[in-house]
>>> print(open('data-v1.cif').read())   # mmCIF, C-alpha atoms
data_final
loop_
_atom_site.label_atom_id
_atom_site.label_comp_id
_atom_site.auth_asym_id
_atom_site.auth_seq_id
_atom_site.Cartn_x
_atom_site.Cartn_y
_atom_site.Cartn_z
CA MET A 649 -28.74 -8.96 73.21
CA ASN A 650 -25.43 -8.02 74.74
CA TRP A 651 -24.68 -4.34 74.16
CA GLN A 652 -21.50 -4.18 76.22
CA TRP A 653 -19.11 -4.05 73.23
CA PHE A 654 -21.16 -1.20 71.82
CA HIS A 655 -20.97 0.88 74.99
CA ARG A 656 -17.23 0.46 75.14
CA LEU A 657 -17.10 2.28 71.78
CA GLY A 658 -18.47 5.31 73.61
CA SER A 659 -15.41 5.75 75.80
CA PRO A 660 -13.15 8.59 74.60
CA ARG A 661 -10.18 7.06 76.37
CA TRP A 662 -10.65 3.68 74.67
CA PHE A 663 -10.88 5.44 71.28
CA TYR A 664 -7.80 7.55 71.98
CA GLN A 665 -5.74 4.51 72.81
CA LYS A 666 -7.04 2.29 69.97
CA THR A 667 -6.54 4.83 67.21
CA GLN A 668 -2.98 5.94 67.93
CA ALA A 669 -1.63 2.84 66.17
CA TRP A 670 -3.85 3.44 63.08
CA LEU A 671 -2.75 7.01 62.42
CA PRO A 672 0.64 6.39 60.74
CA TRP A 673 -0.89 3.69 58.47
CA LEU A 674 -3.75 5.92 57.40
CA ALA A 675 -1.32 8.79 56.80
CA ILE A 676 0.96 6.61 54.64
CA ALA A 677 -1.99 5.13 52.72
CA SER A 678 -3.50 8.55 51.96
CA VAL A 679 -0.20 10.10 50.85
CA VAL A 680 0.71 7.12 48.64
CA LEU A 681 -2.77 6.85 47.07
CA LEU A 682 -3.23 10.60 46.55
CA VAL A 683 0.24 11.09 45.03
CA THR A 684 -0.15 8.01 42.79
CA GLY A 685 -3.67 9.00 41.72
CA ALA A 686 -2.71 12.61 41.05
CA ILE A 687 0.35 11.74 38.94
CA TRP A 688 -1.59 9.02 37.09
CA GLY A 689 -4.64 11.18 36.50
CA LEU A 690 -2.90 14.46 35.69
CA GLY A 691 0.11 13.09 33.83
CA PHE A 692 -0.69 9.72 32.30
CA ALA A 693 -4.45 9.38 31.78
CA PRO A 694 -5.44 10.30 28.20
CA GLN A 695 -7.13 13.57 27.24
CA ASP A 696 -10.89 13.63 26.87
CA ALA A 697 -12.12 13.67 23.27
CA LYS A 698 -14.41 16.68 23.82
CA GLN A 699 -13.06 18.53 26.84
CA GLY A 700 -9.32 18.06 26.29
CA ASN A 701 -7.27 18.54 29.42
CA SER A 702 -9.85 20.51 31.38
CA TYR A 703 -11.68 17.30 32.35
CA ARG A 704 -8.70 16.38 34.58
CA ILE A 705 -10.21 18.46 37.38
CA ILE A 706 -12.55 15.45 37.83
CA PHE A 707 -9.73 13.77 39.78
CA ILE A 708 -10.19 16.32 42.59
CA HIS A 709 -13.82 17.32 42.05
CA VAL A 710 -15.50 13.91 42.23
CA PRO A 711 -13.58 12.48 45.26
CA ALA A 712 -14.14 15.73 47.21
CA ALA A 713 -17.86 15.70 46.40
CA VAL A 714 -18.22 11.99 47.29
CA LEU A 715 -16.55 12.48 50.67
CA ALA A 716 -18.55 15.66 51.33
CA LEU A 717 -21.75 13.57 51.05
CA VAL A 718 -20.42 10.50 52.87
CA GLY A 719 -19.00 12.79 55.58
CA TYR A 720 -22.44 14.25 56.16
CA TYR A 721 -23.84 10.78 56.90
CA VAL A 722 -20.87 10.13 59.21
CA MET A 723 -21.74 13.34 61.08
CA ALA A 724 -25.51 12.71 61.22
CA ILE A 725 -25.28 9.03 62.20
CA SER A 726 -22.75 9.86 64.94
CA GLY A 727 -25.19 12.51 66.15
CA ALA A 728 -28.06 9.99 66.17
CA ILE A 729 -26.02 7.45 68.15
CA GLY A 730 -25.08 10.19 70.59
CA LEU A 731 -28.70 11.23 70.99
CA ILE A 732 -30.02 7.72 71.52
CA TRP A 733 -27.31 6.24 73.74
CA ARG A 734 -26.12 9.50 75.35
CA MET A 735 -22.50 8.55 74.75
CA LYS A 736 -19.65 11.05 74.73
CA LEU A 737 -17.57 9.80 71.82
CA PRO A 738 -20.17 9.90 68.99
CA PHE A 739 -20.83 13.56 69.77
CA VAL A 740 -17.12 14.32 69.59
CA VAL A 741 -16.91 12.55 66.20
CA MET A 742 -19.96 14.48 65.00
CA ARG A 743 -18.47 17.84 65.98
CA ALA A 744 -15.09 16.89 64.47
CA ALA A 745 -16.70 15.84 61.16
CA ALA A 746 -18.33 19.24 60.53
CA PRO A 747 -15.27 21.37 59.61
CA ILE A 748 -13.77 18.54 57.52
CA GLY A 749 -17.05 18.14 55.61
CA ALA A 750 -17.33 21.90 55.13
CA ALA A 751 -13.80 22.03 53.68
CA LEU A 752 -14.53 19.13 51.27
CA THR A 753 -17.81 20.72 50.15
CA PHE A 754 -15.99 23.98 49.51
CA VAL A 755 -13.34 22.14 47.46
CA ALA A 756 -16.08 20.44 45.40
CA LEU A 757 -17.86 23.76 44.76
CA PHE A 758 -14.64 25.61 43.95
CA THR A 759 -13.26 22.97 41.56
CA GLY A 760 -16.72 22.77 39.98
CA ALA A 761 -16.67 26.52 39.31
CA VAL A 762 -13.16 26.33 37.82
CA TRP A 763 -14.29 23.40 35.65
CA GLY A 764 -17.53 25.08 34.64
CA LYS A 765 -15.89 28.10 33.02
CA PRO A 766 -14.05 26.28 30.18
CA THR A 767 -16.77 23.65 29.61
CA TRP A 768 -20.19 25.23 30.24
CA GLY A 769 -19.09 28.82 29.71
CA THR A 770 -19.91 30.05 33.24
CA TYR A 771 -18.47 29.76 36.75
CA TRP A 772 -21.81 29.53 38.50
CA VAL A 773 -25.45 28.77 37.72
CA TRP A 774 -28.31 28.24 40.15
CA ASP A 775 -29.21 24.76 38.95
CA ALA A 776 -30.49 22.01 41.28
CA ARG A 777 -27.16 20.21 41.79
CA ILE A 778 -25.06 23.29 42.48
CA THR A 779 -27.66 24.99 44.70
CA SER A 780 -28.23 21.85 46.80
CA MET A 781 -24.46 21.49 47.18
CA LEU A 782 -24.27 25.09 48.40
CA LEU A 783 -27.01 24.19 50.89
CA LEU A 784 -24.79 21.33 52.11
CA LEU A 785 -21.97 23.81 52.77
CA LEU A 786 -24.39 26.03 54.70
CA LEU A 787 -25.60 23.02 56.74
CA TYR A 788 -22.03 22.14 57.69
CA ILE A 789 -21.32 25.76 58.62
CA GLY A 790 -24.62 25.79 60.56
CA VAL A 791 -23.54 22.78 62.62
CA ILE A 792 -20.18 24.44 63.37
CA ALA A 793 -21.83 27.74 64.33
CA LEU A 794 -24.56 26.10 66.40
CA GLY A 795 -21.96 24.11 68.31
CA GLN A 796 -20.23 27.33 69.30
CA ALA A 797 -23.41 29.15 70.24
CA PHE A 798 -23.99 27.24 73.49
CA LEU A 799 -21.99 27.55 76.69
CA GLN A 800 -22.85 24.02 77.77
CA GLU A 801 -21.20 21.31 75.68
CA ARG A 802 -24.07 18.83 76.21
CA THR A 803 -26.71 21.26 74.99
CA ALA A 804 -24.57 22.15 71.99
CA ASP A 805 -24.10 18.46 71.14
CA LYS A 806 -27.84 17.78 71.18
CA ALA A 807 -28.69 20.85 69.11
CA CYS A 808 -26.00 20.00 66.52
CA ALA A 809 -27.20 16.39 66.28
CA ILE A 810 -30.79 17.47 65.60
CA LEU A 811 -29.68 19.97 62.91
CA ALA A 812 -27.41 17.34 61.33
CA LEU A 813 -30.25 14.76 61.29
CA VAL A 814 -32.74 17.15 59.70
CA GLY A 815 -30.11 18.07 57.10
CA THR A 816 -29.75 14.45 55.92
CA VAL A 817 -32.79 15.10 53.70
CA ASN A 818 -30.46 17.10 51.47
CA ILE A 819 -28.10 14.20 50.67
CA PRO A 820 -30.42 12.11 48.41
CA ILE A 821 -31.60 15.39 46.86
CA ILE A 822 -28.01 16.32 45.91
CA TYR A 823 -27.37 12.82 44.58
CA LYS A 824 -30.56 12.56 42.49
CA SER A 825 -30.91 16.27 41.56
CA VAL A 826 -29.41 15.71 38.11
CA ASP A 827 -32.00 13.00 37.37
CA TRP A 828 -35.08 14.57 38.96
CA TRP A 829 -34.77 18.01 37.37
CA ASN A 830 -33.39 19.57 34.21
CA SER A 831 -29.98 20.80 35.31
CA LEU A 832 -26.87 22.14 33.61
CA HIS A 833 -24.78 19.65 35.56
CA GLN A 834 -24.48 16.33 33.72
CA PRO A 835 -25.87 13.08 35.25
CA ALA A 836 -23.67 10.71 37.26
CA THR A 837 -20.73 9.15 35.40
CA ILE A 838 -20.02 6.36 37.90
CA LYS A 839 -23.20 4.34 38.29
CA LEU A 840 -23.82 1.69 40.91
CA THR A 841 -26.16 -0.51 38.91
CA GLU A 842 -24.85 -0.22 35.34
CA SER A 843 -21.48 0.21 33.65
CA SER A 844 -19.82 3.59 34.12
CA SER A 845 -19.60 5.96 31.17
CA ILE A 846 -15.91 6.69 31.66
CA HIS A 847 -13.10 4.91 29.84
CA PRO A 848 -11.10 2.49 32.08
CA SER A 849 -7.87 4.44 31.41
CA MET A 850 -9.50 7.42 33.17
CA PHE A 851 -11.60 5.43 35.65
CA TYR A 852 -8.75 3.63 37.46
CA PRO A 853 -6.83 6.79 38.44
CA LEU A 854 -10.16 8.29 39.56
CA LEU A 855 -10.82 5.20 41.69
CA VAL A 856 -7.35 5.53 43.27
CA MET A 857 -8.12 9.17 44.08
CA VAL A 858 -11.50 8.28 45.64
CA VAL A 859 -9.94 5.57 47.84
CA GLY A 860 -7.13 8.03 48.70
CA PHE A 861 -9.69 10.63 49.73
CA TYR A 862 -11.45 8.03 51.93
CA CYS A 863 -8.15 7.30 53.72
CA PHE A 864 -7.39 11.01 54.04
CA TYR A 865 -10.90 11.60 55.41
CA ALA A 866 -10.53 8.82 58.01
CA TRP A 867 -7.09 10.11 58.97
CA SER A 868 -8.17 13.73 59.43
CA LEU A 869 -11.40 12.72 61.23
CA ILE A 870 -9.51 10.54 63.73
CA LEU A 871 -6.84 13.20 64.21
CA HIS A 872 -9.42 15.91 64.79
CA THR A 873 -11.50 13.68 67.10
CA ARG A 874 -8.42 12.88 69.21
CA GLN A 875 -7.62 16.56 69.55
CA GLN A 876 -11.22 17.29 70.58
CA ILE A 877 -11.10 14.43 73.10
CA LEU A 878 -8.05 15.98 74.78
CA VAL A 879 -9.82 19.35 75.01
CA ARG A 880 -13.03 17.87 76.43
CA GLU A 881 -11.39 15.40 78.80
CA ARG A 882 -8.71 17.84 79.96
CA LYS A 883 -9.87 17.55 83.58
CA THR A 884 -9.65 13.73 83.72
CA ARG A 885 -6.74 11.96 85.33
CA TRP A 886 -5.61 10.05 82.22
CA VAL A 887 -5.27 13.19 80.10
CA GLN A 888 -3.48 15.13 82.82
CA GLN A 889 -1.07 12.26 83.47
CA MET A 890 -0.37 11.86 79.77
CA VAL A 891 0.20 15.59 79.22
CA ALA A 892 2.40 15.77 82.33
CA SER A 893 4.59 13.02 80.90
CA GLY A 894 5.16 15.28 77.89
CA SER A 895 3.71 12.89 75.31
CA THR A 896 0.50 12.59 73.28
CA ARG A 897 0.70 8.79 73.31
CA LEU A 898 -1.41 7.00 75.86
CA VAL A 899 0.51 4.17 77.53
CA GLU A 900 -1.52 1.23 78.76
CA GLU A 901 -1.36 0.99 82.53
CA GLY A 902 -1.38 -2.58 83.82
CA GLY A 903 -3.99 -3.87 81.35
CA LYS A 904 -6.93 -1.84 82.68
CA ALA A 905 -7.63 0.24 79.64
CA MET B 510 -32.37 -2.44 74.01
CA HIS B 511 -33.27 -0.26 76.94
CA PRO B 512 -36.86 1.07 76.62
CA VAL B 513 -35.71 4.70 77.09
CA ARG B 514 -33.15 4.31 74.30
CA LYS B 515 -35.74 2.61 72.11
CA GLN B 516 -38.01 5.58 72.63
CA ARG B 517 -35.21 7.99 71.71
CA LEU B 518 -34.42 5.89 68.61
CA ILE B 519 -38.07 6.16 67.53
CA LEU B 520 -37.95 9.92 68.13
CA VAL B 521 -34.82 10.27 65.97
CA LEU B 522 -36.37 8.18 63.17
CA LEU B 523 -39.55 10.24 63.41
CA LEU B 524 -37.53 13.47 63.17
CA VAL B 525 -35.76 12.29 60.01
CA THR B 526 -38.95 10.87 58.42
CA LEU B 527 -41.08 13.94 59.10
CA SER B 528 -38.46 16.43 57.92
CA SER B 529 -37.89 14.32 54.79
CA ALA B 530 -41.63 14.25 54.11
CA ALA B 531 -41.85 18.03 54.54
CA ILE B 532 -38.96 18.70 52.17
CA ALA B 533 -40.31 16.14 49.68
CA LEU B 534 -43.67 17.94 49.60
CA ILE B 535 -41.99 21.34 49.14
CA THR B 536 -39.73 20.17 46.32
CA TYR B 537 -42.66 18.36 44.69
CA ALA B 538 -44.72 21.56 44.78
CA LEU B 539 -41.82 23.60 43.41
CA ARG B 540 -40.61 20.99 40.92
CA GLN B 541 -41.04 23.20 37.85
CA ASN B 542 -39.24 26.12 39.50
CA ILE B 543 -36.30 23.87 40.33
CA ASP B 544 -35.87 22.94 36.65
CA PHE B 545 -33.01 24.91 35.23
CA PHE B 546 -34.58 25.18 31.77
CA TYR B 547 -37.65 24.38 29.65
CA PRO B 548 -37.32 21.59 27.09
CA PRO B 549 -38.46 22.45 23.50
CA SER B 550 -41.61 20.33 23.88
CA LYS B 551 -42.82 22.86 26.48
CA PHE B 552 -42.38 25.60 23.88
CA ALA B 553 -44.39 23.58 21.36
CA ALA B 554 -47.15 23.12 23.94
CA GLU B 555 -47.31 26.96 24.33
CA GLU B 556 -46.49 26.62 28.02
CA VAL B 557 -43.64 29.12 27.91
CA PRO B 558 -44.53 32.83 28.28
CA HIS B 559 -43.46 35.26 25.53
CA ASN B 560 -41.06 38.16 26.15
CA VAL B 561 -40.12 36.92 29.64
CA ARG B 562 -36.57 35.90 30.53
CA VAL B 563 -36.49 32.08 30.53
CA ARG B 564 -34.04 29.30 29.76
CA ALA B 565 -34.39 26.62 27.11
CA GLY B 566 -32.27 23.50 26.90
CA GLY B 567 -31.83 20.70 24.42
CA CYS B 568 -29.70 19.14 21.75
CA VAL B 569 -28.31 21.43 19.02
CA VAL B 570 -29.85 19.97 15.85
CA PRO B 571 -27.03 18.79 13.52
CA GLY B 572 -26.91 20.94 10.40
CA SER B 573 -28.99 23.76 11.92
CA VAL B 574 -26.11 26.07 12.88
CA PHE B 575 -25.70 29.11 10.58
CA ARG B 576 -23.06 31.73 11.35
CA SER B 577 -23.21 35.26 9.94
CA GLU B 578 -20.25 36.21 7.75
CA GLU B 579 -19.88 39.80 8.95
CA SER B 580 -20.86 39.60 12.66
CA LEU B 581 -20.93 37.22 15.62
CA ALA B 582 -24.60 36.46 14.99
CA VAL B 583 -25.52 32.79 14.90
CA ARG B 584 -28.75 30.85 14.33
CA PHE B 585 -29.44 27.27 15.39
CA SER B 586 -32.25 25.02 16.60
CA ILE B 587 -32.45 22.96 19.77
CA THR B 588 -34.54 19.83 20.17
CA ASP B 589 -35.56 17.30 22.82
CA GLY B 590 -36.58 14.72 20.26
CA VAL B 591 -40.22 15.93 20.33
CA ALA B 592 -40.13 19.56 19.20
CA GLN B 593 -37.63 22.15 17.94
CA VAL B 594 -37.01 25.76 18.99
CA PRO B 595 -35.15 28.16 16.65
CA VAL B 596 -32.56 30.27 18.52
CA LYS B 597 -30.85 33.56 17.57
CA TYR B 598 -27.70 34.66 19.39
CA THR B 599 -24.98 37.26 18.96
CA GLY B 600 -21.74 36.63 20.79
CA ILE B 601 -18.99 34.13 21.44
CA LEU B 602 -20.12 30.54 21.90
CA PRO B 603 -18.51 28.29 24.56
CA ASP B 604 -15.78 25.93 23.33
CA LEU B 605 -17.90 22.83 23.84
CA PHE B 606 -20.82 24.20 21.81
CA ALA B 607 -21.25 21.87 18.83
CA GLU B 608 -23.89 20.32 16.60
CA GLY B 609 -25.26 17.21 18.24
CA GLU B 610 -24.26 18.42 21.72
CA ALA B 611 -26.61 19.77 24.38
CA ALA B 612 -26.85 23.51 25.11
CA VAL B 613 -28.80 25.73 27.50
CA VAL B 614 -29.81 29.20 26.27
CA THR B 615 -31.08 32.13 28.35
CA GLY B 616 -33.22 34.80 26.74
CA LYS B 617 -36.71 35.74 25.62
CA LEU B 618 -39.14 33.96 23.36
CA GLN B 619 -40.23 36.47 20.70
CA SER B 620 -43.81 36.63 19.45
CA SER B 621 -42.48 35.28 16.15
CA GLY B 622 -41.57 32.03 17.92
CA VAL B 623 -37.83 32.65 17.66
CA PHE B 624 -35.87 32.44 20.91
CA GLU B 625 -33.62 35.48 21.26
CA ALA B 626 -30.72 34.31 23.45
CA GLU B 627 -28.49 36.57 25.51
CA GLN B 628 -26.39 33.73 26.93
CA VAL B 629 -25.50 30.29 25.56
CA LEU B 630 -24.08 27.59 27.87
CA ALA B 631 -22.79 24.21 26.73
CA LYS B 632 -24.18 21.21 28.63
CA HIS B 633 -21.71 18.39 28.26
CA ASP B 634 -22.64 14.76 28.81
CA GLU B 635 -21.33 12.39 31.47
CA THR B 636 -19.09 10.30 29.19
CA TYR B 637 -15.33 10.60 29.20
CA THR B 638 -13.37 8.90 26.41
CA PRO B 639 -9.87 9.26 24.97
CA PRO B 640 -9.77 10.76 21.42
CA GLU B 641 -8.66 7.44 19.82
CA VAL B 642 -11.63 5.59 21.30
CA GLN B 643 -13.95 8.42 20.26
CA GLU B 644 -12.73 8.19 16.63
CA ALA B 645 -13.28 4.44 16.61
CA MET B 646 -16.96 4.95 17.45
CA VAL B 647 -17.94 6.77 14.23
CA GLY B 648 -21.53 7.91 14.22
CA ASP B 649 -21.86 7.40 17.94
CA HIS B 650 -21.10 11.07 18.53
CA THR B 651 -24.69 12.27 18.28
CA ALA B 652 -26.10 9.21 20.02
CA THR B 653 -25.18 10.57 23.46
CA CYS B 654 -27.11 13.75 22.75
CA GLN B 655 -30.12 11.83 21.50
CA GLY B 656 -30.03 9.93 24.77
CA ALA B 657 -29.90 13.21 26.68
CA GLY B 658 -32.77 14.57 24.62
CA LYS B 659 -34.84 11.51 25.37
CA ALA B 660 -34.05 11.76 29.07
CA MET B 661 -35.16 15.39 29.03
CA ALA B 662 -38.38 14.58 27.20
CA SER B 663 -39.25 11.65 29.45
CA ASP B 664 -39.82 14.00 32.38
CA TYR B 665 -42.94 15.31 30.71
#
>>> encode(input="data-v1.cif", output="structure tokens")
Amino acid sequence: MNWQWFHRLGSPRWFYQKTQAWLPWLAIASVVLLVTGAIWGLGFAPQDAKQGNSYRIIFIHVPAAVLALVGYYVMAISGAIGLIWRMKLPFVVMRAAAPIGAALTFVALFTGAVWGKPTWGTYWVWDARITSMLLLLLLYIGVIALGQAFLQERTADKACAILALVGTVNIPIIYKSVDWWNSLHQPATIKLTESSSIHPSMFYPLLVMVVGFYCFYAWSLILHTRQQILVRERKTRWVQQMVASGSTRLVEEGGKA
Amino acid sequence: MHPVRKQRLILVLLLVTLSSAAIALITYALRQNIDFFYPPSKFAAEEVPHNVRVRAGGCVVPGSVFRSEESLAVRFSITDGVAQVPVKYTGILPDLFAEGEAAVVTGKLQSSGVFEAEQVLAKHDETYTPPEVQEAMVGDHTATCQGAGKAMASDY
């Protein structure tokens, strides 16, 4: 099997050059989708029969929680690729994914607390879903902290990848916690195998928000990875030449990218 | 694939598998402690200690809610479709507390068999419907709670 294409993916310079054209499109897509979804969900979707207007926090809560879980797999799989193939770029992606994931997890926990007060009658309970989600936040923070604890970047990368991989155990636990144990949190509304228990007039704006969050996640991950690449590769010729020219765009030089 | 990389791949897979197995065993051993509440069938089976702070959860039996006329005291029963637990509470109930909806109560089981609650939380279901659609489905209101009750009971 020819692995050459795969190894090219590991070059920070190749990534930096490829992604600069994607950034404006991802930015436009996330802004358009998030603004459309927010106006649709907050202004035009009907009230819920039981919860009234307070259910509208779902339009932030669910997309943030989905991306917090997906983002963890992005981080752990990048770490695994970095460990196995010893490539630079996957490690950079892994390290860049940690603060973004931590922020999304915090948003999911915070909006959940705000939602819990008017519906359940409490901001916080130690049930399986909420506690495992808090553990996810601590895992993300652990990866960030561990990455800063080592002087050598390579050692830090390896340690972070191992922590991220061990932490993947938590993701199916978070997802299934509401089915495996008695919890205060309700079971999943959007199901993969059967029809969702949310009315279409509320589901479509939610779907727009989820897709918008995916675009926003990709945009911020690429942006953060590019910034990290510049820091790590600051001693290489291509970065120094680019910075000297006063631009953050990498111009192709004579076809040898 | 290069043999060294293959070896590292196996190591990574082993790391994930072994840590998953360890966590699975721990959560399996602690499965009852991870439950947020006891279902009423556990009370019927005398598995819940008396006069110890515990939580009970289930569907509020329609027609079982009695409010006092001169205080905030309220009586109701919760069920999981198998057994019922009578609950006494004094205080303000959450907005979503209703007959036929699920609730989780924290308190102590008295020797008399009555659950003396100090906190009542509403557990809403996972369905979201506009009010017009909800009105069109007359009688379906309690069905969601019966489903939740069954789901709770099926764990035991």
>>> residues_near_point(input="data-v1.cif", point="(-12.0, 16.9, 33.5)", cutoff="12 Å", atoms="all atoms listed in the file", output="PyMOL selection string")
(chain A and resi 689-690+693-710+759-760+762-767+837+846+850-851+854) or (chain B and resi 633-639)
>>> interface_residues(input="data-v1.cif", of="chain A", to="chain B", cutoff="7 Å", atoms="only C-alpha atoms", output="ChimeraX atom specification")
/A:694-697,728,732-733,767-769,775-776,813-814,817,829-832,834-837,845-847
>>> write_last_selection(input="data-v1.cif", atoms="C-alpha atoms", output="tab-separated table (two decimals), in the coordinates of the input")
chain	number	residue	atom	x	y	z
A	694	PRO	CA	-5.44	10.30	28.20
A	695	GLN	CA	-7.13	13.57	27.24
A	696	ASP	CA	-10.89	13.63	26.87
A	697	ALA	CA	-12.12	13.67	23.27
A	728	ALA	CA	-28.06	9.99	66.17
A	732	ILE	CA	-30.02	7.72	71.52
A	733	TRP	CA	-27.31	6.24	73.74
A	767	THR	CA	-16.77	23.65	29.61
A	768	TRP	CA	-20.19	25.23	30.24
A	769	GLY	CA	-19.09	28.82	29.71
A	775	ASP	CA	-29.21	24.76	38.95
A	776	ALA	CA	-30.49	22.01	41.28
A	813	LEU	CA	-30.25	14.76	61.29
A	814	VAL	CA	-32.74	17.15	59.70
A	817	VAL	CA	-32.79	15.10	53.70
A	829	TRP	CA	-34.77	18.01	37.37
A	830	ASN	CA	-33.39	19.57	34.21
A	831	SER	CA	-29.98	20.80	35.31
A	832	LEU	CA	-26.87	22.14	33.61
A	834	GLN	CA	-24.48	16.33	33.72
A	835	PRO	CA	-25.87	13.08	35.25
A	836	ALA	CA	-23.67	10.71	37.26
A	837	THR	CA	-20.73	9.15	35.40
A	845	SER	CA	-19.60	5.96	31.17
A	846	ILE	CA	-15.91	6.69	31.66
A	847	HIS	CA	-13.10	4.91	29.84
>>> resolve_selection(input="data-v1.cif", expression="the PyMOL selection byres ((chain A and resi 877-882) around 9)", output="MDAnalysis selection string")
chainID A and resid 660:661 664 737 740 801 872:876 883:888
>>> atom_distance(input="data-v1.cif", atom1="CA of His655 (chain A)", atom2="CA of Ala724 (chain A)")
18.7 Å
>>> atom_distance(input="data-v1.cif", atom1="CA of Thr684 (chain A)", atom2="CA of Pro711 (chain A)")
14.4 Å
>>> atom_distance(input="data-v1.cif", atom1="CA of Val557 (chain B)", atom2="CA of Tyr537 (chain B)")
20.0 Å
>>> closest_residue(input="data-v1.cif", among="B:Val623, B:Leu523, B:Cys568, B:Val574", to="Ile587 (chain B)", atoms="all atoms listed in the file")
B:Cys568
>>> resolve_selection(input="data-v1.cif", expression="the PyMOL selection byres ((chain A and resi 748) around 10)", output="ChimeraX atom specification")
/A:715-716,719-720,743-747,749-754,788,865,868-869,872
